[in-house]
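Asks: Please read through the structure below; I'll follow up with questions.
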Amino acid sequence: SLMESTEGEYCGIGVMVSQNVYTGIVTVVKVFKDAPADIAGMLPGDIITAVEGMDISGMDLSLVVSDHIKGEEGTEVSLTVYRESIDDYVDLTMTRQIVQNPTVEYEMLEEQIGYIALSSFEDVSTSQFIGAVDALEEQGMQGLIVDLRNNGGGVVSAAEGIADYLTPDGKDIVSFKGKGVEDSTYVAKDGHQVDVPMVVLVNRESASASEVLTGALKDHELATVVGTKTFGKGIAQGIFPLPDGSALKLTTAYYYVPSGECIHKEGIEPDVFVELDEELQTLVEIPKEDDNQIRAAIDVLLEGEEVVRERLEAETKEQ
């Protein structure tokens, strides 16, 4: 399960689901394009009530997914969902297949500003991110927003690869110092860099690998960091396989951003502080045109960091 989560590929139906901690209700948050669930007609907001006729009410979500929804490639699985829009139950049958988790979403915003949202760092994330950058550059991108809000991290090598693609060769990305492991520094070397102004969006849930990427871009003054202070997880784990097929996941090192700071339990302060508007904080999905943090990031790229910071500070004093 651990290896599957870091690889970013699994055999299933291609949905993201969440479970209400109070009611136990399992809701479909996202349906991956062209995945089995999408082909079968499943929609975001559908409430999964049964799998293969078995009522899943109150069952632990991880067990529902691992023991009943995921399975062997090519096998069928039937789900029953409640759809509020029609106030009725719908039976859906789909064929399991290998699904690649889309950790990257991108689009072109106003004024040729590219926007890339990264939900987690997995083995597939580097290639997905590079593809997004390349596509936006082909469309004439003049600025770039990298959204790392609520990204709790993942595979550090993915953060290194993404930072490398954005950063000039020879720049330090991250250093590791630990017990029982050799000190090491990852240095940009892929021959590629992005030559447009950049903003990194972060919040309190941006952690670990997110902070590796944020720290590298901030310390080399390649991006302005907008949002709130990051989580502060500056430790790295190694996975040590054991003879019986199990493994030990062990914390082995602290990591340091290029400035030499270890941000563990400290976090990274934004260059431009802006809280998400209170009325937006309870929404599952926020329309980009209503997102005041994205608006601030766009303004930084169009007007400059100092202008936006002074305006936001003045607005805060008025309140």
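By convention in this document, the chains of the structure tokens carry letters A, B, ... by their order, each chain's residues are numbered from 1, and ligands are numbered from 1 in the order they are shown.
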Can you tell me, as a list in words, what residues are no more than 10 Å from Phe121 of chain A when counting only C-alpha atoms, ignoring any on the same chain fewer than 2 positions away?
Replies: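 Once the nearby chain positions are removed, what remains is Ser5, Thr6, Glu7, Gly8, Thr103, Val104, Leu118, Ser119, Asp123, Val124, Ser125, Thr126, Asn151, Gly152, Gly153, Gly154, Val155, Val156, Ser157, Ala158, Ala159, Ile162, Ser208, Ala209 and Ser210 of chain A.
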Asks: Restrict the selected residues to N, CA, C and O atoms and save them as a compact mmCIF listing (two decimals), in the first residue's frame.
Replies:
# COMPACT_ATOMS: atom_id res chain seq x y z
N SER A 5 1.14 4.03 -3.05
CA SER A 5 0.82 5.45 -2.85
C SER A 5 1.93 6.36 -3.35
O SER A 5 1.67 7.47 -3.80
N THR A 6 3.19 5.91 -3.28
CA THR A 6 4.29 6.76 -3.74
C THR A 6 4.54 6.63 -5.23
O THR A 6 5.04 7.55 -5.86
N GLU A 7 4.17 5.50 -5.82
CA GLU A 7 4.37 5.30 -7.26
C GLU A 7 3.36 6.10 -8.07
O GLU A 7 3.61 6.47 -9.21
N GLY A 8 2.15 6.32 -7.49
CA GLY A 8 1.14 7.08 -8.20
C GLY A 8 0.36 6.27 -9.21
O GLY A 8 -0.36 6.83 -10.03
N THR A 103 -1.56 13.88 -10.45
CA THR A 103 -1.18 14.76 -9.34
C THR A 103 -1.04 16.21 -9.79
O THR A 103 -0.89 17.10 -8.96
N VAL A 104 -1.10 16.45 -11.10
CA VAL A 104 -0.90 17.80 -11.65
C VAL A 104 -2.12 18.21 -12.48
O VAL A 104 -2.62 17.43 -13.29
N LEU A 118 -0.38 21.23 -7.88
CA LEU A 118 0.26 19.94 -7.59
C LEU A 118 -0.32 19.41 -6.29
O LEU A 118 -0.13 20.00 -5.23
N SER A 119 -1.04 18.30 -6.35
CA SER A 119 -1.76 17.79 -5.17
C SER A 119 -0.86 16.96 -4.26
O SER A 119 -1.10 16.89 -3.05
N ASP A 123 5.98 9.41 -7.78
CA ASP A 123 6.94 9.10 -8.84
C ASP A 123 6.51 9.66 -10.19
O ASP A 123 7.36 10.00 -11.03
N VAL A 124 5.19 9.75 -10.42
CA VAL A 124 4.69 10.23 -11.71
C VAL A 124 4.64 11.76 -11.79
O VAL A 124 4.43 12.32 -12.86
N SER A 125 4.84 12.43 -10.65
CA SER A 125 4.60 13.88 -10.60
C SER A 125 5.59 14.69 -11.44
O SER A 125 5.21 15.69 -12.06
N THR A 126 6.86 14.29 -11.46
CA THR A 126 7.86 15.06 -12.20
C THR A 126 7.52 15.12 -13.69
O THR A 126 7.49 16.20 -14.29
N ASN A 151 -0.78 20.53 -0.07
CA ASN A 151 0.08 19.45 -0.56
C ASN A 151 0.99 19.03 0.58
O ASN A 151 1.94 19.74 0.93
N GLY A 152 0.72 17.86 1.17
CA GLY A 152 1.46 17.38 2.33
C GLY A 152 2.78 16.73 2.01
O GLY A 152 3.46 16.25 2.92
N GLY A 153 3.18 16.71 0.74
CA GLY A 153 4.49 16.16 0.38
C GLY A 153 4.39 14.84 -0.33
O GLY A 153 3.47 14.58 -1.11
N GLY A 154 5.37 13.96 -0.05
CA GLY A 154 5.44 12.67 -0.73
C GLY A 154 6.89 12.32 -1.03
O GLY A 154 7.75 12.41 -0.16
N VAL A 155 7.15 11.95 -2.26
CA VAL A 155 8.48 11.51 -2.67
C VAL A 155 9.38 12.73 -2.91
O VAL A 155 9.11 13.54 -3.80
N VAL A 156 10.44 12.85 -2.13
CA VAL A 156 11.31 14.03 -2.24
C VAL A 156 11.99 14.10 -3.60
O VAL A 156 12.22 15.20 -4.13
N SER A 157 12.29 12.95 -4.20
CA SER A 157 12.95 12.97 -5.52
C SER A 157 12.08 13.66 -6.57
O SER A 157 12.58 14.25 -7.51
N ALA A 158 10.75 13.60 -6.40
CA ALA A 158 9.86 14.30 -7.32
C ALA A 158 10.00 15.81 -7.16
O ALA A 158 10.02 16.55 -8.14
N ALA A 159 10.12 16.28 -5.91
CA ALA A 159 10.33 17.70 -5.67
C ALA A 159 11.67 18.15 -6.25
O ALA A 159 11.78 19.25 -6.81
N ILE A 162 11.31 18.42 -10.08
CA ILE A 162 10.52 19.58 -10.49
C ILE A 162 11.31 20.87 -10.28
O ILE A 162 11.36 21.74 -11.15
N SER A 208 6.81 19.19 3.86
CA SER A 208 7.81 18.24 3.41
C SER A 208 8.30 18.55 1.99
O SER A 208 8.96 19.55 1.77
N ALA A 209 8.01 17.67 1.02
CA ALA A 209 8.48 17.89 -0.34
C ALA A 209 7.99 19.23 -0.90
O ALA A 209 8.68 19.87 -1.71
N SER A 210 6.80 19.67 -0.48
CA SER A 210 6.32 21.00 -0.89
C SER A 210 7.26 22.09 -0.41
O SER A 210 7.50 23.08 -1.11
Asks: Mind the document's chain letters and residue numbers, and return as a ChimeraX atom specification the residues of segment 94-181 of chain A that DSSP labels helix (DSSP H, G or I).
Replies: /A:110-112,125-138,156-166
Asks: Write the selection just made, keeping N, CA and C atoms, as a short mmCIF file (atom, residue, chain, number, x, y, z; two decimals), in the first residue's frame?
Replies:
data_model
loop_
_atom_site.label_atom_id
_atom_site.label_comp_id
_atom_site.auth_asym_id
_atom_site.auth_seq_id
_atom_site.Cartn_x
_atom_site.Cartn_y
_atom_site.Cartn_z
N GLU A 110 -5.68 34.47 -17.02
CA GLU A 110 -5.63 35.77 -17.70
C GLU A 110 -4.19 36.26 -17.89
N GLU A 111 -4.00 37.13 -18.85
CA GLU A 111 -2.71 37.76 -19.12
C GLU A 111 -1.60 36.74 -19.36
N GLN A 112 -1.96 35.60 -19.94
CA GLN A 112 -0.98 34.54 -20.26
C GLN A 112 -0.21 34.06 -19.03
N SER A 125 4.84 12.43 -10.65
CA SER A 125 4.60 13.88 -10.60
C SER A 125 5.59 14.69 -11.44
N THR A 126 6.86 14.29 -11.46
CA THR A 126 7.86 15.06 -12.20
C THR A 126 7.52 15.12 -13.69
N SER A 127 7.22 13.98 -14.28
CA SER A 127 6.90 13.96 -15.72
C SER A 127 5.60 14.70 -15.99
N GLN A 128 4.62 14.58 -15.08
CA GLN A 128 3.36 15.30 -15.26
C GLN A 128 3.58 16.81 -15.19
N PHE A 129 4.41 17.24 -14.25
CA PHE A 129 4.69 18.67 -14.09
C PHE A 129 5.44 19.21 -15.30
N ILE A 130 6.45 18.48 -15.75
CA ILE A 130 7.22 18.91 -16.93
C ILE A 130 6.31 19.04 -18.14
N GLY A 131 5.40 18.08 -18.30
CA GLY A 131 4.44 18.14 -19.41
C GLY A 131 3.57 19.38 -19.33
N ALA A 132 3.17 19.73 -18.10
CA ALA A 132 2.32 20.92 -17.91
C ALA A 132 3.10 22.19 -18.25
N VAL A 133 4.35 22.29 -17.79
CA VAL A 133 5.18 23.47 -18.09
C VAL A 133 5.38 23.60 -19.59
N ASP A 134 5.72 22.51 -20.24
CA ASP A 134 5.96 22.54 -21.68
C ASP A 134 4.71 22.98 -22.45
N ALA A 135 3.55 22.46 -22.04
CA ALA A 135 2.30 22.81 -22.72
C ALA A 135 1.99 24.29 -22.54
N LEU A 136 2.22 24.81 -21.34
CA LEU A 136 1.94 26.23 -21.08
C LEU A 136 2.93 27.13 -21.83
N GLU A 137 4.20 26.69 -21.92
CA GLU A 137 5.19 27.48 -22.67
C GLU A 137 4.82 27.54 -24.14
N GLU A 138 4.30 26.46 -24.68
CA GLU A 138 3.87 26.43 -26.08
C GLU A 138 2.71 27.39 -26.32
N VAL A 156 10.44 12.85 -2.13
CA VAL A 156 11.31 14.03 -2.24
C VAL A 156 11.99 14.10 -3.60
N SER A 157 12.29 12.95 -4.20
CA SER A 157 12.95 12.97 -5.52
C SER A 157 12.08 13.66 -6.57
N ALA A 158 10.75 13.60 -6.40
CA ALA A 158 9.86 14.30 -7.32
C ALA A 158 10.00 15.81 -7.16
N ALA A 159 10.12 16.28 -5.91
CA ALA A 159 10.33 17.70 -5.67
C ALA A 159 11.67 18.15 -6.25
N GLU A 160 12.70 17.31 -6.11
CA GLU A 160 14.01 17.63 -6.67
C GLU A 160 13.92 17.77 -8.18
N GLY A 161 13.25 16.83 -8.83
CA GLY A 161 13.15 16.85 -10.28
C GLY A 161 12.38 18.06 -10.79
N ILE A 162 11.31 18.42 -10.08
CA ILE A 162 10.52 19.58 -10.49
C ILE A 162 11.31 20.87 -10.28
N ALA A 163 11.98 20.98 -9.12
CA ALA A 163 12.80 22.16 -8.86
C ALA A 163 13.92 22.28 -9.89
N ASP A 164 14.51 21.15 -10.26
CA ASP A 164 15.59 21.12 -11.25
C ASP A 164 15.09 21.68 -12.58
N TYR A 165 13.87 21.33 -12.98
CA TYR A 165 13.33 21.77 -14.27
C TYR A 165 13.08 23.28 -14.29
N LEU A 166 12.81 23.84 -13.11
CA LEU A 166 12.52 25.27 -13.02
C LEU A 166 13.76 26.12 -12.79
#
Asks: With only C-alpha atoms as the atoms that count, which of A:Leu280, A:Ile98, A:Val194, A:Leu213 lies nearest to Glu73 of chain A?
Replies: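 Under the stated criterion, the closest residue is A:Ile98.
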Asks: Rank A:Val226, A:Leu79, A:Val65, A:Val31 by their smallest atom-to-atom distance to Thr49 of chain A, using only C-alpha atoms, and report the top residue only.
Replies: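 Of A:Val226, A:Leu79, A:Val65, A:Val31, the one nearest Thr49 of chain A, counting only C-alpha atoms, is A:Leu79.
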Asks: Which of segment 126-266 of chain A end up as strand (DSSP E) when DSSP is run on this backbone - answer as an MDAnalysis selection string?
Replies: chainID A and resid 143:147 172:178 184:187 198:202 223:227 235:241 247:256
Asks: Neighbours of Gly24 of chain A within 8 Å (only C-alpha atoms; same-chain residues fewer than 5 positions away dropped), as a PDB file with C-alpha atoms, in the first residue's frame?
Replies:
ATOM      1  CA  GLN A  19     -15.189   9.956   4.236  1.00  0.00           C
ATOM      2  CA  SER A  57     -22.113   2.292   5.779  1.00  0.00           C
ATOM      3  CA  GLY A  58     -19.755   2.820   8.682  1.00  0.00           C
ATOM      4  CA  MET A  59     -16.904   0.805   7.148  1.00  0.00           C
ATOM      5  CA  ASP A  60     -13.396   2.255   7.255  1.00  0.00           C
TER       6      ASP A  60
END
Asks: Within 12 Å of Glu279 of chain A, counting only C-alpha atoms, which residues qualify if same-chain residues fewer than 4 places away don't, as an MDAnalysis selection string?
Replies: chainID A and resid 275 283:284 286 290:292
Asks: Restricted to all heavy atoms, what would the selected residues look like written as a tab-separated table (two decimals), in the first residue's frame?
Replies:
chain	number	residue	atom	x	y	z
A	275	GLU	N	-4.27	35.40	3.86
A	275	GLU	CA	-5.12	34.30	4.30
A	275	GLU	C	-6.22	34.07	3.28
A	275	GLU	O	-6.71	35.02	2.65
A	275	GLU	CB	-5.76	34.63	5.65
A	275	GLU	CG	-4.81	34.59	6.83
A	275	GLU	CD	-4.86	33.25	7.54
A	275	GLU	OE1	-5.34	32.28	6.92
A	275	GLU	OE2	-4.41	33.17	8.68
A	283	LEU	N	-15.26	25.37	1.76
A	283	LEU	CA	-15.66	24.84	0.46
A	283	LEU	C	-14.74	23.71	0.02
A	283	LEU	O	-13.52	23.79	0.22
A	283	LEU	CB	-15.65	25.94	-0.60
A	283	LEU	CG	-16.60	27.13	-0.39
A	283	LEU	CD1	-16.48	28.11	-1.56
A	283	LEU	CD2	-18.05	26.66	-0.23
A	284	VAL	N	-15.31	22.65	-0.57
A	284	VAL	CA	-14.51	21.55	-1.08
A	284	VAL	C	-13.73	21.99	-2.31
A	284	VAL	O	-12.56	21.68	-2.47
A	284	VAL	CB	-15.41	20.34	-1.42
A	284	VAL	CG1	-14.60	19.23	-2.09
A	284	VAL	CG2	-16.10	19.81	-0.17
A	286	ILE	N	-13.00	25.53	-4.70
A	286	ILE	CA	-13.16	26.97	-4.78
A	286	ILE	C	-12.99	27.42	-6.23
A	286	ILE	O	-11.94	27.16	-6.83
A	286	ILE	CB	-12.12	27.69	-3.90
A	286	ILE	CG1	-12.24	27.20	-2.44
A	286	ILE	CG2	-12.29	29.20	-3.96
A	286	ILE	CD1	-11.10	27.68	-1.56
A	290	ASP	N	-12.98	33.25	-7.59
A	290	ASP	CA	-13.34	33.69	-6.25
A	290	ASP	C	-12.20	33.52	-5.25
A	290	ASP	O	-12.32	33.95	-4.10
A	290	ASP	CB	-14.56	32.89	-5.74
A	290	ASP	CG	-15.80	33.11	-6.60
A	290	ASP	OD1	-15.91	34.18	-7.22
A	290	ASP	OD2	-16.65	32.20	-6.66
A	291	ASP	N	-11.12	32.89	-5.66
A	291	ASP	CA	-10.02	32.55	-4.75
A	291	ASP	C	-9.11	33.76	-4.56
A	291	ASP	O	-8.36	34.15	-5.45
A	291	ASP	CB	-9.22	31.37	-5.35
A	291	ASP	CG	-8.23	30.76	-4.37
A	291	ASP	OD1	-7.61	31.53	-3.61
A	291	ASP	OD2	-8.07	29.53	-4.38
A	292	ASN	N	-9.17	34.39	-3.37
A	292	ASN	CA	-8.40	35.62	-3.15
A	292	ASN	C	-6.90	35.38	-3.10
A	292	ASN	O	-6.10	36.28	-3.41
A	292	ASN	CB	-8.86	36.32	-1.86
A	292	ASN	CG	-8.56	35.50	-0.61
A	292	ASN	OD1	-9.08	34.40	-0.45
A	292	ASN	ND2	-7.75	36.05	0.28
Asks: Point out the residue among A:Gly71, A:Pro36, A:Glu310, A:Tyr89 with the least atom-to-atom distance to Ala50 of chain A, counting only C-alpha atoms.
Replies: A:Tyr89
Asks: Check the smallest atom-to-atom distance from each of A:Arg204, A:Pro197, A:Thr282, A:Asp55 to Gly304 of chain A using only C-alpha atoms, then report the winner.
Replies: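 Smallest distance to Gly304 of chain A is found for A:Pro197.
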Asks: Counting only C-alpha atoms, figure out which residue out of A:Gly267, A:Glu306, A:Ile298, A:Val17 gets nearest to Met108 of chain A.
Replies: A:Ile298
Asks: Using only C-alpha atoms for the distances, tell me which of A:Glu76, A:Glu211, A:Glu107, A:Glu289 is nearest to Thr93 of chain A.
Replies: A:Glu76
Asks: Would you mind listing what lies within 10 Å of Asp169 of chain A as a list in words, with only C-alpha atoms counted and same-chain residues fewer than 5 positions away left out?
Replies: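 Everything that qualifies: Asp164, Val187, Ala188, Lys189, Asp190, Gly191, His192 and Gln193 of chain A.
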Asks: Find the residues near Asp88 of chain A: any atom within 12 Å, counting only C-alpha atoms, skip ones fewer than 5 places away on the same chain, and give them as an MDAnalysis selection string.
Replies: chainID A and resid 46:47 49 80:83
Asks: Would you mind exporting the chosen residues as a tab-separated table (two decimals), in the first residue's frame, restricted to C-alpha atoms?
Replies:
chain	number	residue	atom	x	y	z
A	46	ASP	CA	-21.95	10.81	-5.78
A	47	ILE	CA	-22.24	9.06	-2.42
A	49	THR	CA	-23.52	3.32	-0.55
A	80	THR	CA	-24.29	1.74	-5.96
A	81	VAL	CA	-24.26	5.51	-5.50
A	82	TYR	CA	-26.80	8.01	-4.25
A	83	ARG	CA	-27.03	11.02	-6.57
